[in-house]
file start.txt (compact mmCIF, C-alpha atoms)
# COMPACT_ATOMS: atom_id res chain seq x y z
CA MET A 142 105.87 139.49 102.77
CA THR A 143 104.63 142.06 100.34
CA THR A 144 100.95 142.85 100.19
CA LYS A 145 100.76 144.44 96.76
CA PRO A 146 101.01 142.07 93.79
CA TYR A 147 104.00 142.85 91.60
CA LYS A 148 104.08 142.48 87.83
CA PHE A 149 107.36 140.91 86.73
CA LEU A 150 109.27 140.95 83.45
CA ILE A 151 111.78 138.13 82.96
CA VAL A 152 114.46 138.90 80.36
CA ASP A 153 116.63 135.94 79.27
CA ASP A 154 117.52 134.50 75.87
CA PHE A 155 117.37 130.90 77.17
CA MET A 156 113.83 129.57 77.30
CA THR A 157 114.89 127.11 80.02
CA MET A 158 115.94 129.93 82.33
CA ARG A 159 112.77 131.92 81.64
CA ARG A 160 110.66 128.91 82.58
CA ILE A 161 112.69 128.21 85.72
CA LEU A 162 112.46 131.83 86.86
CA ARG A 163 108.73 131.92 86.10
CA ASN A 164 108.16 128.77 88.18
CA LEU A 165 110.30 130.03 91.05
CA LEU A 166 108.41 133.34 91.10
CA LYS A 167 105.11 131.46 91.00
CA GLU A 168 106.21 129.40 93.99
CA LEU A 169 106.98 132.65 95.82
CA GLY A 170 103.46 133.84 95.07
CA HIS A 171 104.14 136.07 92.06
CA LEU A 172 101.75 134.96 89.33
CA ASN A 173 101.76 138.08 87.16
CA VAL A 174 104.82 137.42 84.98
CA ASP A 175 105.72 138.28 81.39
CA GLU A 176 108.83 137.27 79.41
CA ALA A 177 111.20 138.77 76.85
CA GLU A 178 114.06 137.03 75.03
CA ASP A 179 116.41 140.04 74.85
CA GLY A 180 116.82 143.63 75.98
CA TYR A 181 115.30 145.00 72.81
CA VAL A 182 112.03 143.06 73.20
CA ALA A 183 112.04 143.90 76.91
CA LEU A 184 112.25 147.65 76.29
CA LYS A 185 109.34 147.45 73.85
CA LYS A 186 107.25 145.64 76.47
CA LEU A 187 108.29 148.12 79.17
CA GLN A 188 107.17 151.01 77.01
CA ASN A 189 103.82 149.47 76.14
CA SER A 190 102.83 148.03 79.51
CA THR A 191 103.36 148.69 83.21
CA PHE A 192 105.78 146.50 85.16
CA ASP A 193 106.89 146.60 88.79
CA PHE A 194 109.99 144.43 88.61
CA ILE A 195 112.58 143.29 86.05
CA VAL A 196 114.67 140.12 86.36
CA CYS A 197 117.36 140.30 83.70
CA ASP A 198 120.15 138.19 82.19
CA TRP A 199 123.34 139.84 80.92
CA ASN A 200 124.54 137.98 77.84
CA MET A 201 121.78 138.11 75.22
CA PRO A 202 121.70 138.68 71.46
CA LYS A 203 120.46 141.95 69.94
CA MET A 204 120.59 143.89 73.22
CA ASP A 205 122.40 142.67 76.32
CA GLY A 206 121.21 143.18 79.88
CA LEU A 207 123.62 145.99 80.76
CA THR A 208 122.57 148.06 77.74
CA MET A 209 118.93 147.43 78.64
CA LEU A 210 119.54 148.40 82.28
CA LYS A 211 121.14 151.68 81.16
CA ALA A 212 118.21 152.36 78.81
CA VAL A 213 115.72 151.70 81.62
CA ARG A 214 117.54 154.07 83.99
CA ALA A 215 117.72 156.72 81.26
CA ASP A 216 113.96 156.70 80.60
CA PRO A 217 112.10 158.72 83.27
CA ALA A 218 108.88 156.75 82.66
CA ILE A 219 110.45 153.42 83.70
CA ALA A 220 113.64 154.46 85.53
CA HIS A 221 112.12 153.62 88.94
CA ILE A 222 111.57 149.90 88.18
CA PRO A 223 113.94 147.65 90.14
CA VAL A 224 116.23 145.53 87.99
CA LEU A 225 117.64 142.30 89.44
CA MET A 226 120.47 140.89 87.33
CA VAL A 227 120.61 137.07 87.18
CA THR A 228 123.65 136.18 85.11
CA ALA A 229 126.57 133.81 84.64
CA GLU A 230 128.93 136.79 84.30
CA ALA A 231 130.92 136.80 87.53
CA LYS A 232 133.87 139.11 86.92
CA ARG A 233 134.52 142.07 89.20
CA GLU A 234 134.24 144.37 86.20
CA ASN A 235 130.75 143.04 85.49
CA ILE A 236 129.52 143.61 89.01
CA ILE A 237 131.00 147.12 89.13
CA GLU A 238 129.44 147.98 85.75
CA ALA A 239 126.04 146.64 86.79
CA ALA A 240 126.09 148.41 90.15
CA GLN A 241 127.13 151.72 88.56
CA ALA A 242 124.46 151.36 85.90
CA GLY A 243 121.85 151.11 88.66
CA ALA A 244 121.18 147.39 89.13
CA SER A 245 119.05 146.72 92.21
CA GLY A 246 120.64 143.31 92.87
CA TYR A 247 123.07 140.82 91.35
CA ILE A 248 122.69 137.02 91.36
CA VAL A 249 125.31 134.75 89.80
CA LYS A 250 124.19 131.61 88.00
CA PRO A 251 124.02 128.84 89.02
CA PHE A 252 121.83 130.06 91.86
CA THR A 253 119.38 128.62 94.40
CA ALA A 254 115.71 129.33 95.04
CA ALA A 255 116.71 130.64 98.48
CA THR A 256 119.09 133.19 96.94
CA LEU A 257 116.37 134.49 94.62
CA ASP A 258 113.91 134.72 97.50
CA GLU A 259 116.41 136.56 99.68
CA LYS A 260 117.38 139.12 97.00
CA LEU A 261 113.74 139.78 96.07
CA LEU A 262 112.79 140.37 99.71
CA LYS A 263 115.71 142.76 100.13
CA ILE A 264 114.62 144.80 97.12
CA PHE A 265 110.93 144.75 98.18
CA GLU A 266 111.87 146.02 101.63
CA LYS A 267 113.78 148.87 100.03
CA ILE A 268 110.84 149.73 97.75
CA GLU A 269 108.45 149.78 100.67
CA ARG A 270 110.80 151.87 102.81
CA ASN A 271 111.09 154.41 100.00
CA GLY A 272 107.35 154.28 99.38
CA GLN A 273 106.63 155.18 103.01
CA GLN A 274 108.94 158.16 102.83
CA LYS A 275 106.99 159.68 99.96
CA MET B 87 159.15 117.72 64.07
CA ASN B 88 159.90 119.03 67.51
CA SER B 89 163.42 117.68 67.74
CA PHE B 90 164.77 121.18 68.14
CA ASN B 91 168.33 121.29 69.29
CA SER B 92 167.70 123.06 72.54
CA GLY B 93 170.93 123.90 74.24
CA GLY B 94 170.13 122.69 77.74
CA LYS B 95 169.88 124.41 81.07
CA GLY B 96 173.54 124.46 81.93
CA GLU B 97 174.41 127.11 79.37
CA SER B 98 174.93 130.69 80.32
CA GLN B 99 171.68 132.59 80.84
CA SER B 100 173.10 135.81 79.42
CA ALA B 101 173.67 134.63 75.89
CA SER B 102 175.21 137.26 73.66
CA GLY B 103 173.23 138.85 70.85
CA GLU B 104 175.13 136.80 68.29
CA GLU B 105 174.29 133.55 70.00
CA ILE B 106 170.60 134.45 70.06
CA LEU B 107 170.66 135.40 66.40
CA ALA B 108 172.34 132.11 65.57
CA ARG B 109 169.70 130.20 67.53
CA VAL B 110 166.85 132.06 65.84
CA GLY B 111 168.46 131.47 62.46
CA GLU B 112 168.72 127.78 63.21
CA LEU B 113 165.06 127.61 64.21
CA THR B 114 163.99 129.52 61.13
CA ARG B 115 165.86 127.12 58.89
CA LEU B 116 164.34 124.16 60.72
CA LEU B 117 160.84 125.60 60.36
CA ASN B 118 161.44 126.32 56.71
CA ASN B 119 162.68 122.77 56.09
CA THR B 120 159.81 121.25 58.01
CA TRP B 121 157.28 123.40 56.19
CA HIS B 122 158.46 122.05 52.87
CA SER B 123 159.00 118.43 53.92
CA VAL B 124 155.81 117.86 55.90
CA LYS B 125 153.41 119.68 53.58
CA PHE B 126 151.85 121.77 56.28
CA GLU B 127 149.21 122.95 53.89
CA ASN B 128 147.85 119.41 53.71
CA ILE B 129 147.63 119.15 57.47
CA ILE B 130 145.99 122.56 57.75
CA HIS B 131 143.61 121.62 55.00
CA GLN B 132 142.62 118.44 56.85
CA VAL B 133 142.14 120.28 60.14
CA ALA B 134 140.04 122.92 58.42
CA LEU B 135 137.90 120.18 56.91
CA GLN B 136 137.37 118.61 60.35
CA ILE B 137 136.06 121.83 61.85
CA PRO B 138 132.57 121.89 60.29
CA ASN B 139 132.25 118.33 61.57
CA THR B 140 133.18 119.46 65.09
CA ARG B 141 130.77 122.37 64.86
CA ASP B 142 127.96 119.96 63.97
CA ARG B 143 128.78 117.90 67.04
CA VAL B 144 128.73 120.92 69.30
CA ASN B 145 125.37 121.91 67.83
CA TYR B 146 124.14 118.36 68.39
CA VAL B 147 125.01 118.54 72.09
CA VAL B 148 123.24 121.91 72.35
CA LYS B 149 120.15 120.55 70.63
CA MET B 150 119.97 117.31 72.62
CA THR B 151 120.45 118.96 76.02
CA GLU B 152 117.88 121.59 75.13
CA GLN B 153 115.34 118.93 74.14
CA ALA B 154 115.97 116.90 77.29
CA THR B 155 115.61 119.99 79.47
CA GLU B 156 112.38 120.90 77.76
CA ARG B 157 110.96 117.44 78.41
CA VAL B 158 111.88 117.67 82.08
CA LEU B 159 110.31 121.12 82.41
CA ASN B 160 107.14 120.03 80.58
CA SER B 161 106.72 117.07 82.94
CA ILE B 162 107.39 119.22 85.98
CA ASP B 163 104.83 121.78 84.84
CA ILE B 164 102.24 119.01 84.89
CA ALA B 165 103.44 117.26 88.04
CA ILE B 166 103.78 120.22 90.41
CA PRO B 167 100.12 121.36 90.21
CA LEU B 168 99.02 117.73 90.69
CA GLN B 169 101.09 117.50 93.85
CA THR B 170 99.74 120.83 95.07
CA GLU B 171 96.17 119.67 94.50
CA MET B 172 96.82 116.33 96.23
CA SER B 173 98.30 118.05 99.26
CA CYS B 174 95.42 120.56 99.48
CA ARG B 175 92.73 117.91 99.22
CA ALA B 176 94.42 115.65 101.74
CA LEU B 177 94.59 118.51 104.19
CA GLN B 178 90.92 119.28 103.65
CA LEU B 179 89.88 115.63 104.15
CA GLU B 180 91.97 115.38 107.27
CA THR B 181 90.11 118.33 108.78
CA GLU B 182 86.73 116.86 107.82
CA TRP B 183 87.60 113.50 109.41
CA GLN B 184 88.78 115.17 112.55
CA ALA B 185 85.42 116.93 112.85
CA SER B 186 83.48 113.70 112.31
CA MET B 187 85.54 111.91 114.99
CA LEU B 188 83.81 114.14 117.54
CA ASP B 189 80.61 112.22 116.81
CA SER B 190 80.69 109.61 119.63
CA THR B 191 77.79 107.60 118.21
CA LEU B 192 80.12 106.06 115.61
CA PRO B 193 80.70 102.29 116.15
CA ALA B 194 84.12 101.35 117.64
CA ASN B 195 85.29 99.41 114.54
CA HIS B 196 84.61 102.49 112.43
CA GLN B 197 86.63 104.56 114.85
CA GLN B 198 89.72 102.45 114.06
CA LEU B 199 89.08 102.63 110.30
CA ILE B 200 88.72 106.37 110.50
CA ALA B 201 91.94 106.69 112.50
CA ASN B 202 93.81 104.64 109.87
CA THR B 203 92.36 106.69 107.04
CA GLN B 204 93.29 109.86 108.82
CA SER B 205 96.89 108.80 109.27
CA PHE B 206 97.05 107.82 105.58
CA ILE B 207 95.65 111.18 104.53
CA ALA B 208 98.23 112.94 106.70
CA SER B 209 101.03 111.00 104.98
CA VAL B 210 99.59 111.86 101.55
CA ASN B 211 99.81 115.51 102.46
CA GLN B 212 103.37 115.21 103.80
CA ASN B 213 104.59 113.10 100.87
CA SER B 214 103.14 115.36 98.24
CA ILE B 215 104.77 118.38 99.88
CA THR B 216 108.11 116.56 99.83
CA THR B 217 107.60 115.41 96.23
CA LYS B 218 106.81 118.96 95.20
CA ALA B 219 110.00 120.22 96.83
CA MET B 220 111.99 117.54 94.95
CA LEU B 221 110.32 118.56 91.68
CA MET B 222 111.27 122.19 92.30
CA ASP B 223 114.84 121.06 92.84
CA ILE B 224 114.84 119.03 89.62
CA MET B 225 113.45 122.07 87.83
CA LEU B 226 116.13 124.41 89.15
CA ALA B 227 118.83 121.89 88.20
CA GLN B 228 117.77 122.37 84.56
CA GLU B 229 119.53 125.72 84.58
CA PHE B 230 122.60 123.72 83.56
CA GLN B 231 121.24 123.96 80.03
CA ASP B 232 121.61 127.75 80.08
CA LEU B 233 125.14 127.51 81.47
CA THR B 234 126.46 124.67 79.30
CA GLY B 235 124.65 126.24 76.35
CA GLN B 236 126.62 129.46 76.79
CA VAL B 237 129.88 127.50 77.05
CA MET B 238 128.96 125.62 73.87
CA GLN B 239 128.28 128.90 72.09
CA HIS B 240 131.77 130.05 73.06
CA ILE B 241 133.30 126.81 71.77
CA ALA B 242 131.37 127.11 68.52
CA ALA B 243 132.53 130.71 68.06
CA THR B 244 136.15 129.82 68.83
CA THR B 245 136.05 126.87 66.45
CA GLN B 246 134.65 129.09 63.74
CA GLU B 247 137.39 131.63 64.32
CA ILE B 248 140.06 128.93 64.12
CA GLU B 249 138.53 127.65 60.90
CA ARG B 250 138.50 131.14 59.42
CA GLN B 251 142.11 131.70 60.36
CA LEU B 252 143.29 128.34 59.08
CA LEU B 253 141.59 128.96 55.78
CA GLN B 254 143.27 132.34 55.64
CA VAL B 255 146.61 130.60 56.19
CA LEU B 256 145.84 128.31 53.30
CA ILE B 257 144.85 131.24 51.12
CA ASP B 258 147.95 133.24 52.02
CA TYR B 259 150.15 130.12 52.04
CA SER B 260 151.92 131.64 54.92
CA PRO B 261 152.48 130.20 58.37
CA ASP B 262 151.75 133.54 60.02
CA VAL B 263 148.89 133.21 62.42
CA VAL B 264 147.34 136.43 63.57
CA ASP B 265 147.47 136.80 67.33
CA LYS B 266 144.00 137.31 68.60
CA GLU B 267 144.35 139.91 71.29
CA THR B 268 142.87 139.09 74.62
CA THR B 269 140.89 142.17 75.50
CA THR B 270 138.77 142.36 78.62
CA ASN B 271 135.18 142.23 77.61
CA LEU B 272 132.04 141.82 79.64
CA ILE B 273 130.57 138.79 77.91
CA ASN B 274 132.46 135.77 79.24
CA GLY B 275 129.67 133.41 80.21
CA PRO B 276 129.75 130.89 83.06
CA GLN B 277 133.07 130.52 84.83
CA ILE B 278 134.43 127.00 84.28
CA ASN B 279 136.97 127.27 87.08
CA PRO B 280 136.03 130.30 89.17
CA GLU B 281 138.36 129.53 92.10
CA ASN B 282 141.42 129.71 89.89
CA THR B 283 140.53 132.59 87.59
CA ASN B 284 141.66 136.10 88.37
CA GLY B 285 139.04 138.77 88.83
CA VAL B 286 136.19 136.28 89.07
CA LEU B 287 133.94 135.92 92.09
CA ALA B 288 133.46 132.26 92.92
CA SER B 289 130.24 132.41 94.91
CA GLN B 290 127.11 134.45 95.59
CA ALA B 291 128.56 135.29 99.02
CA GLN B 292 131.65 136.81 97.40
CA VAL B 293 129.47 138.78 94.99
CA ASP B 294 127.44 140.12 97.93
CA ASP B 295 130.58 141.05 99.88
CA PHE B 296 132.03 142.76 96.86
CA LEU B 297 128.86 144.77 96.28
CA ASP B 298 128.84 145.74 99.97
CA SER B 299 132.45 146.91 99.69
CA LEU B 300 131.41 149.11 96.77
CA GLY B 301 128.71 150.62 98.97
CA PHE B 302 125.72 149.21 97.08
call {"tool": "encode", "arguments": {"input": "start.txt", "output": "structure tokens"}}
result
Amino acid sequence: MTTKPYKFLIVDDFMTMRRILRNLLKELGHLNVDEAEDGYVALKKLQNSTFDFIVCDWNMPKMDGLTMLKAVRADPAIAHIPVLMVTAEAKRENIIEAAQAGASGYIVKPFTAATLDEKLLKIFEKIERNGQQK
Amino acid sequence: MNSFNSGGKGESQSASGEEILARVGELTRLLNNTWHSVKFENIIHQVALQIPNTRDRVNYVVKMTEQATERVLNSIDIAIPLQTEMSCRALQLETEWQASMLDSTLPANHQQLIANTQSFIASVNQNSITTKAMLMDIMLAQEFQDLTGQVMQHIAATTQEIERQLLQVLIDYSPDVVDKETTTNLINGPQINPENTNGVLASQAQVDDFLDSLGF
């Protein structure tokens, strides 16, 4: 388990999914969670506040998750934040695009609590490995 | 309407150009006759009128499922902390009783009562842990609203497009329907039938394998 508390940003246009993700994160011990309903709102929050982790949907109005991911990776101030995509988009093209754009993980909806836990742990391990190298 | 005079399978596959032209001419005449006799514009008009009705129904389903999901999530938000509290307090009481059992001066009939209470408290703890797990499962199942909601949005958009095109047909009074090209885009929403759709990964395991194969 991770020792340092992470601050999460959940980005999804469906309120139901934001609530589910928030509850799942809470159950995994992550209580510091904020929400955004699209990529545009998310970027504003990312620029005004510090976050350690982004959980992001793909298909959203105003700004979709891929565009947001690219914007995050292009901004040196926030480029280091891991982005876990949680989306119903399951085409090969989607996964290739997301991976090339710098997604840290990819979960296809519908998903299970175990899948979320597993992917988060994998990303945390990577962060901590990289942190030790520095 | 569809009593086209199709030649049948037995005929030569390599029909000459003239034969094809004759067939197309025949079909064109048939279509032209049908167009005038059946009053297509009336049918199209009726269909176009039905579409707003259909759109309302789709919106109704979206609204009702969203409301139901919200009720479930609201209840779960209240119930889960209650279960957590119950389990914590039961665990605490159990420990306290265990400590007091060490006091041998307690009368024998109290010993039995304490043992019963202890076993009850243990079951409270176990049951509330199980109940909490079930509540988490119910909560996660509510993600259907996101998935069906996206499908409904697609249906609504398609219906709107059909309506627009039908109205255009009426305006132009022409049976030409513009072919909507099927381009590959990245917003497709939940896969209704992932096993039988090309280029779609049917499970998380397949997604993981695919990412591994890409070297990520």
call {"tool": "atom_distance", "arguments": {"input": "start.txt", "atom1": "CA of Ala243 in chain B", "atom2": "CA of Ile130 in chain B"}}
result
18.8 Å
call {"tool": "residues_around", "arguments": {"input": "start.txt", "residues": "range 162-164 of chain B", "least_positions_apart": "2", "cutoff": "10 Å", "atoms": "all atoms listed in the file", "output": "PyMOL selection string"}}
result
(chain A and resi 160+164) or (chain B and resi 156-160+166-169+218+221-222+224-225)
call {"tool": "write_last_selection", "arguments": {"input": "start.txt", "atoms": "C-alpha atoms", "output": "CSV table (one decimal), keeping the file's coordinate frame"}}
result
chain,number,residue,atom,x,y,z
A,160,ARG,CA,110.7,128.9,82.6
A,164,ASN,CA,108.2,128.8,88.2
B,156,GLU,CA,112.4,120.9,77.8
B,157,ARG,CA,111.0,117.4,78.4
B,158,VAL,CA,111.9,117.7,82.1
B,159,LEU,CA,110.3,121.1,82.4
B,160,ASN,CA,107.1,120.0,80.6
B,166,ILE,CA,103.8,120.2,90.4
B,167,PRO,CA,100.1,121.4,90.2
B,168,LEU,CA,99.0,117.7,90.7
B,169,GLN,CA,101.1,117.5,93.8
B,218,LYS,CA,106.8,119.0,95.2
B,221,LEU,CA,110.3,118.6,91.7
B,222,MET,CA,111.3,122.2,92.3
B,224,ILE,CA,114.8,119.0,89.6
B,225,MET,CA,113.4,122.1,87.8
call {"tool": "interface_residues", "arguments": {"input": "start.txt", "of": "chain A", "to": "chain B", "cutoff": "6 Å", "atoms": "all atoms listed in the file", "output": "MDAnalysis selection string"}}
result
chainID A and resid 158 229:233
call {"tool": "write_last_selection", "arguments": {"input": "start.txt", "atoms": "C-alpha atoms", "output": "mmCIF file, keeping the file's coordinate frame"}}
result
data_model
loop_
_atom_site.group_PDB
_atom_site.id
_atom_site.type_symbol
_atom_site.label_atom_id
_atom_site.label_comp_id
_atom_site.auth_asym_id
_atom_site.auth_seq_id
_atom_site.Cartn_x
_atom_site.Cartn_y
_atom_site.Cartn_z
ATOM 1 C CA MET A 158 115.940 129.930 82.330
ATOM 2 C CA ALA A 229 126.570 133.810 84.640
ATOM 3 C CA GLU A 230 128.930 136.790 84.300
ATOM 4 C CA ALA A 231 130.920 136.800 87.530
ATOM 5 C CA LYS A 232 133.870 139.110 86.920
ATOM 6 C CA ARG A 233 134.520 142.070 89.200
#
call {"tool": "atom_distance", "arguments": {"input": "start.txt", "atom1": "CA of Pro146 in chain A", "atom2": "CA of Thr216 in chain B"}}
result
27.2 Å
call {"tool": "residues_around", "arguments": {"input": "start.txt", "residues": "Leu165 in chain A", "least_positions_apart": "4", "cutoff": "7 Å", "atoms": "only C-alpha atoms", "output": "ChimeraX atom specification"}}
result
/A:161,169,254
call {"tool": "atom_distance", "arguments": {"input": "start.txt", "atom1": "CA of Trp183 in chain B", "atom2": "CA of Ile200 in chain B"}}
result
7.3 Å
call {"tool": "residues_around", "arguments": {"input": "start.txt", "residues": "Leu187 in chain A", "least_positions_apart": "3", "cutoff": "9 Å", "atoms": "all atoms listed in the file", "output": "list in words"}}
result
Leu150, Val182, Ala183, Leu184, Ser190, Thr191, Phe192, Val213 and Ile219 of chain A
call {"tool": "closest_residue", "arguments": {"input": "start.txt", "among": "A:Ile222, A:Gly206, A:Lys267, A:Ala212", "to": "Ala239 in chain A", "atoms": "all atoms listed in the file"}}
result
A:Gly206
call {"tool": "residues_around", "arguments": {"input": "start.txt", "residues": "Ile137 in chain B", "least_positions_apart": "2", "cutoff": "8 Å", "atoms": "only C-alpha atoms", "output": "NGL selection string"}}
result
:B and (133-135 or 139-141 or 245-246 or 249)
call {"tool": "write_last_selection", "arguments": {"input": "start.txt", "atoms": "C-alpha atoms", "output": "compact mmCIF listing (two decimals), in the frame of the given file"}}
result
# COMPACT_ATOMS: atom_id res chain seq x y z
CA VAL B 133 142.14 120.28 60.14
CA ALA B 134 140.04 122.92 58.42
CA LEU B 135 137.90 120.18 56.91
CA ASN B 139 132.25 118.33 61.57
CA THR B 140 133.18 119.46 65.09
CA ARG B 141 130.77 122.37 64.86
CA THR B 245 136.05 126.87 66.45
CA GLN B 246 134.65 129.09 63.74
CA GLU B 249 138.53 127.65 60.90
call {"tool": "closest_residue", "arguments": {"input": "start.txt", "among": "B:Gln198, B:Thr170, B:Gln239, B:Thr234", "to": "Glu168 in chain A", "atoms": "all atoms listed in the file"}}
result
B:Thr170
call {"tool": "closest_residue", "arguments": {"input": "start.txt", "among": "A:Asp175, A:Asp153, A:Glu266, A:Glu234", "to": "Cys197 in chain A", "atoms": "only C-alpha atoms"}}
result
A:Asp153
call {"tool": "residues_around", "arguments": {"input": "start.txt", "residues": "Lys211 in chain A", "least_positions_apart": "6", "cutoff": "10 Å", "atoms": "all atoms listed in the file", "output": "VMD selection string"}}
result
chain A and resid 220 239 241 to 244
call {"tool": "residues_near_point", "arguments": {"input": "start.txt", "point": "(93.3, 109.9, 106.2)", "cutoff": "12 Å", "atoms": "all atoms listed in the file", "output": "list in words"}}
result
Ser173, Arg175, Ala176, Leu177, Gln178, Leu179, Glu180, Thr181, Glu182, Trp183, Gln184, Met187, Gln198, Leu199, Ile200, Ala201, Asn202, Thr203, Gln204, Ser205, Phe206, Ile207, Ala208, Ser209, Val210, Asn211 and Gln212 of chain B
call {"tool": "write_last_selection", "arguments": {"input": "start.txt", "atoms": "C-alpha atoms", "output": "short mmCIF file (atom, residue, chain, number, x, y, z; two decimals), keeping the file's coordinate frame"}}
result
data_model
loop_
_atom_site.label_atom_id
_atom_site.label_comp_id
_atom_site.auth_asym_id
_atom_site.auth_seq_id
_atom_site.Cartn_x
_atom_site.Cartn_y
_atom_site.Cartn_z
CA SER B 173 98.30 118.05 99.26
CA ARG B 175 92.73 117.91 99.22
CA ALA B 176 94.42 115.65 101.74
CA LEU B 177 94.59 118.51 104.19
CA GLN B 178 90.92 119.28 103.65
CA LEU B 179 89.88 115.63 104.15
CA GLU B 180 91.97 115.38 107.27
CA THR B 181 90.11 118.33 108.78
CA GLU B 182 86.73 116.86 107.82
CA TRP B 183 87.60 113.50 109.41
CA GLN B 184 88.78 115.17 112.55
CA MET B 187 85.54 111.91 114.99
CA GLN B 198 89.72 102.45 114.06
CA LEU B 199 89.08 102.63 110.30
CA ILE B 200 88.72 106.37 110.50
CA ALA B 201 91.94 106.69 112.50
CA ASN B 202 93.81 104.64 109.87
CA THR B 203 92.36 106.69 107.04
CA GLN B 204 93.29 109.86 108.82
CA SER B 205 96.89 108.80 109.27
CA PHE B 206 97.05 107.82 105.58
CA ILE B 207 95.65 111.18 104.53
CA ALA B 208 98.23 112.94 106.70
CA SER B 209 101.03 111.00 104.98
CA VAL B 210 99.59 111.86 101.55
CA ASN B 211 99.81 115.51 102.46
CA GLN B 212 103.37 115.21 103.80
#
call {"tool": "residues_near_point", "arguments": {"input": "start.txt", "point": "(121.9, 144.8, 80.0)", "cutoff": "9 Å", "atoms": "all atoms listed in the file", "output": "JSON, numbers by chain"}}
result
{"A": [179, 180, 197, 198, 199, 200, 201, 204, 205, 206, 207, 208, 209, 210, 211, 212, 226, 239]}
call {"tool": "decode", "arguments": {"input": "start.txt", "residues": "range 125-142 of chain B", "atoms": "N, CA and C atoms", "output": "mmCIF file, in the first residue's frame"}}
result
data_model
loop_
_atom_site.group_PDB
_atom_site.id
_atom_site.type_symbol
_atom_site.label_atom_id
_atom_site.label_comp_id
_atom_site.auth_asym_id
_atom_site.auth_seq_id
_atom_site.Cartn_x
_atom_site.Cartn_y
_atom_site.Cartn_z
ATOM 1 N N LYS B 125 -48.162 7.516 -52.530
ATOM 2 C CA LYS B 125 -48.015 8.810 -51.854
ATOM 3 C C LYS B 125 -46.961 8.708 -50.752
ATOM 4 N N PHE B 126 -45.773 8.432 -51.190
ATOM 5 C CA PHE B 126 -44.656 8.307 -50.265
ATOM 6 C C PHE B 126 -44.552 9.495 -49.315
ATOM 7 N N GLU B 127 -44.840 10.662 -49.887
ATOM 8 C CA GLU B 127 -44.652 11.859 -49.056
ATOM 9 C C GLU B 127 -45.531 11.804 -47.818
ATOM 10 N N ASN B 128 -46.707 11.168 -47.949
ATOM 11 C CA ASN B 128 -47.571 11.037 -46.768
ATOM 12 C C ASN B 128 -46.931 10.138 -45.710
ATOM 13 N N ILE B 129 -46.392 9.016 -46.212
ATOM 14 C CA ILE B 129 -45.759 8.082 -45.285
ATOM 15 C C ILE B 129 -44.584 8.755 -44.586
ATOM 16 N N ILE B 130 -43.745 9.415 -45.387
ATOM 17 C CA ILE B 130 -42.572 10.082 -44.820
ATOM 18 C C ILE B 130 -43.011 11.128 -43.806
ATOM 19 N N HIS B 131 -44.065 11.832 -44.171
ATOM 20 C CA HIS B 131 -44.563 12.871 -43.279
ATOM 21 C C HIS B 131 -44.973 12.262 -41.930
ATOM 22 N N GLN B 132 -45.695 11.127 -42.018
ATOM 23 C CA GLN B 132 -46.138 10.456 -40.788
ATOM 24 C C GLN B 132 -44.957 9.994 -39.938
ATOM 25 N N VAL B 133 -43.971 9.399 -40.617
ATOM 26 C CA VAL B 133 -42.788 8.912 -39.888
ATOM 27 C C VAL B 133 -42.088 10.078 -39.213
ATOM 28 N N ALA B 134 -41.938 11.169 -39.967
ATOM 29 C CA ALA B 134 -41.261 12.342 -39.416
ATOM 30 C C ALA B 134 -42.010 12.880 -38.205
ATOM 31 N N LEU B 135 -43.335 12.790 -38.252
ATOM 32 C CA LEU B 135 -44.131 13.260 -37.114
ATOM 33 C C LEU B 135 -43.937 12.368 -35.894
ATOM 34 N N GLN B 136 -43.722 11.059 -36.143
ATOM 35 C CA GLN B 136 -43.558 10.107 -35.040
ATOM 36 C C GLN B 136 -42.239 10.304 -34.295
ATOM 37 N N ILE B 137 -41.258 10.876 -34.998
ATOM 38 C CA ILE B 137 -39.916 10.932 -34.413
ATOM 39 C C ILE B 137 -39.820 11.763 -33.133
ATOM 40 N N PRO B 138 -40.401 12.967 -33.091
ATOM 41 C CA PRO B 138 -40.321 13.712 -31.829
ATOM 42 C C PRO B 138 -40.905 12.911 -30.669
ATOM 43 N N ASN B 139 -41.962 12.159 -30.965
ATOM 44 C CA ASN B 139 -42.590 11.285 -29.992
ATOM 45 C C ASN B 139 -41.581 10.247 -29.470
ATOM 46 N N THR B 140 -40.876 9.627 -30.408
ATOM 47 C CA THR B 140 -39.865 8.626 -30.046
ATOM 48 C C THR B 140 -38.758 9.261 -29.221
ATOM 49 N N ARG B 141 -38.358 10.454 -29.621
ATOM 50 C CA ARG B 141 -37.287 11.144 -28.904
ATOM 51 C C ARG B 141 -37.704 11.401 -27.455
ATOM 52 N N ASP B 142 -38.959 11.809 -27.282
ATOM 53 C CA ASP B 142 -39.480 12.023 -25.923
ATOM 54 C C ASP B 142 -39.381 10.750 -25.096
#
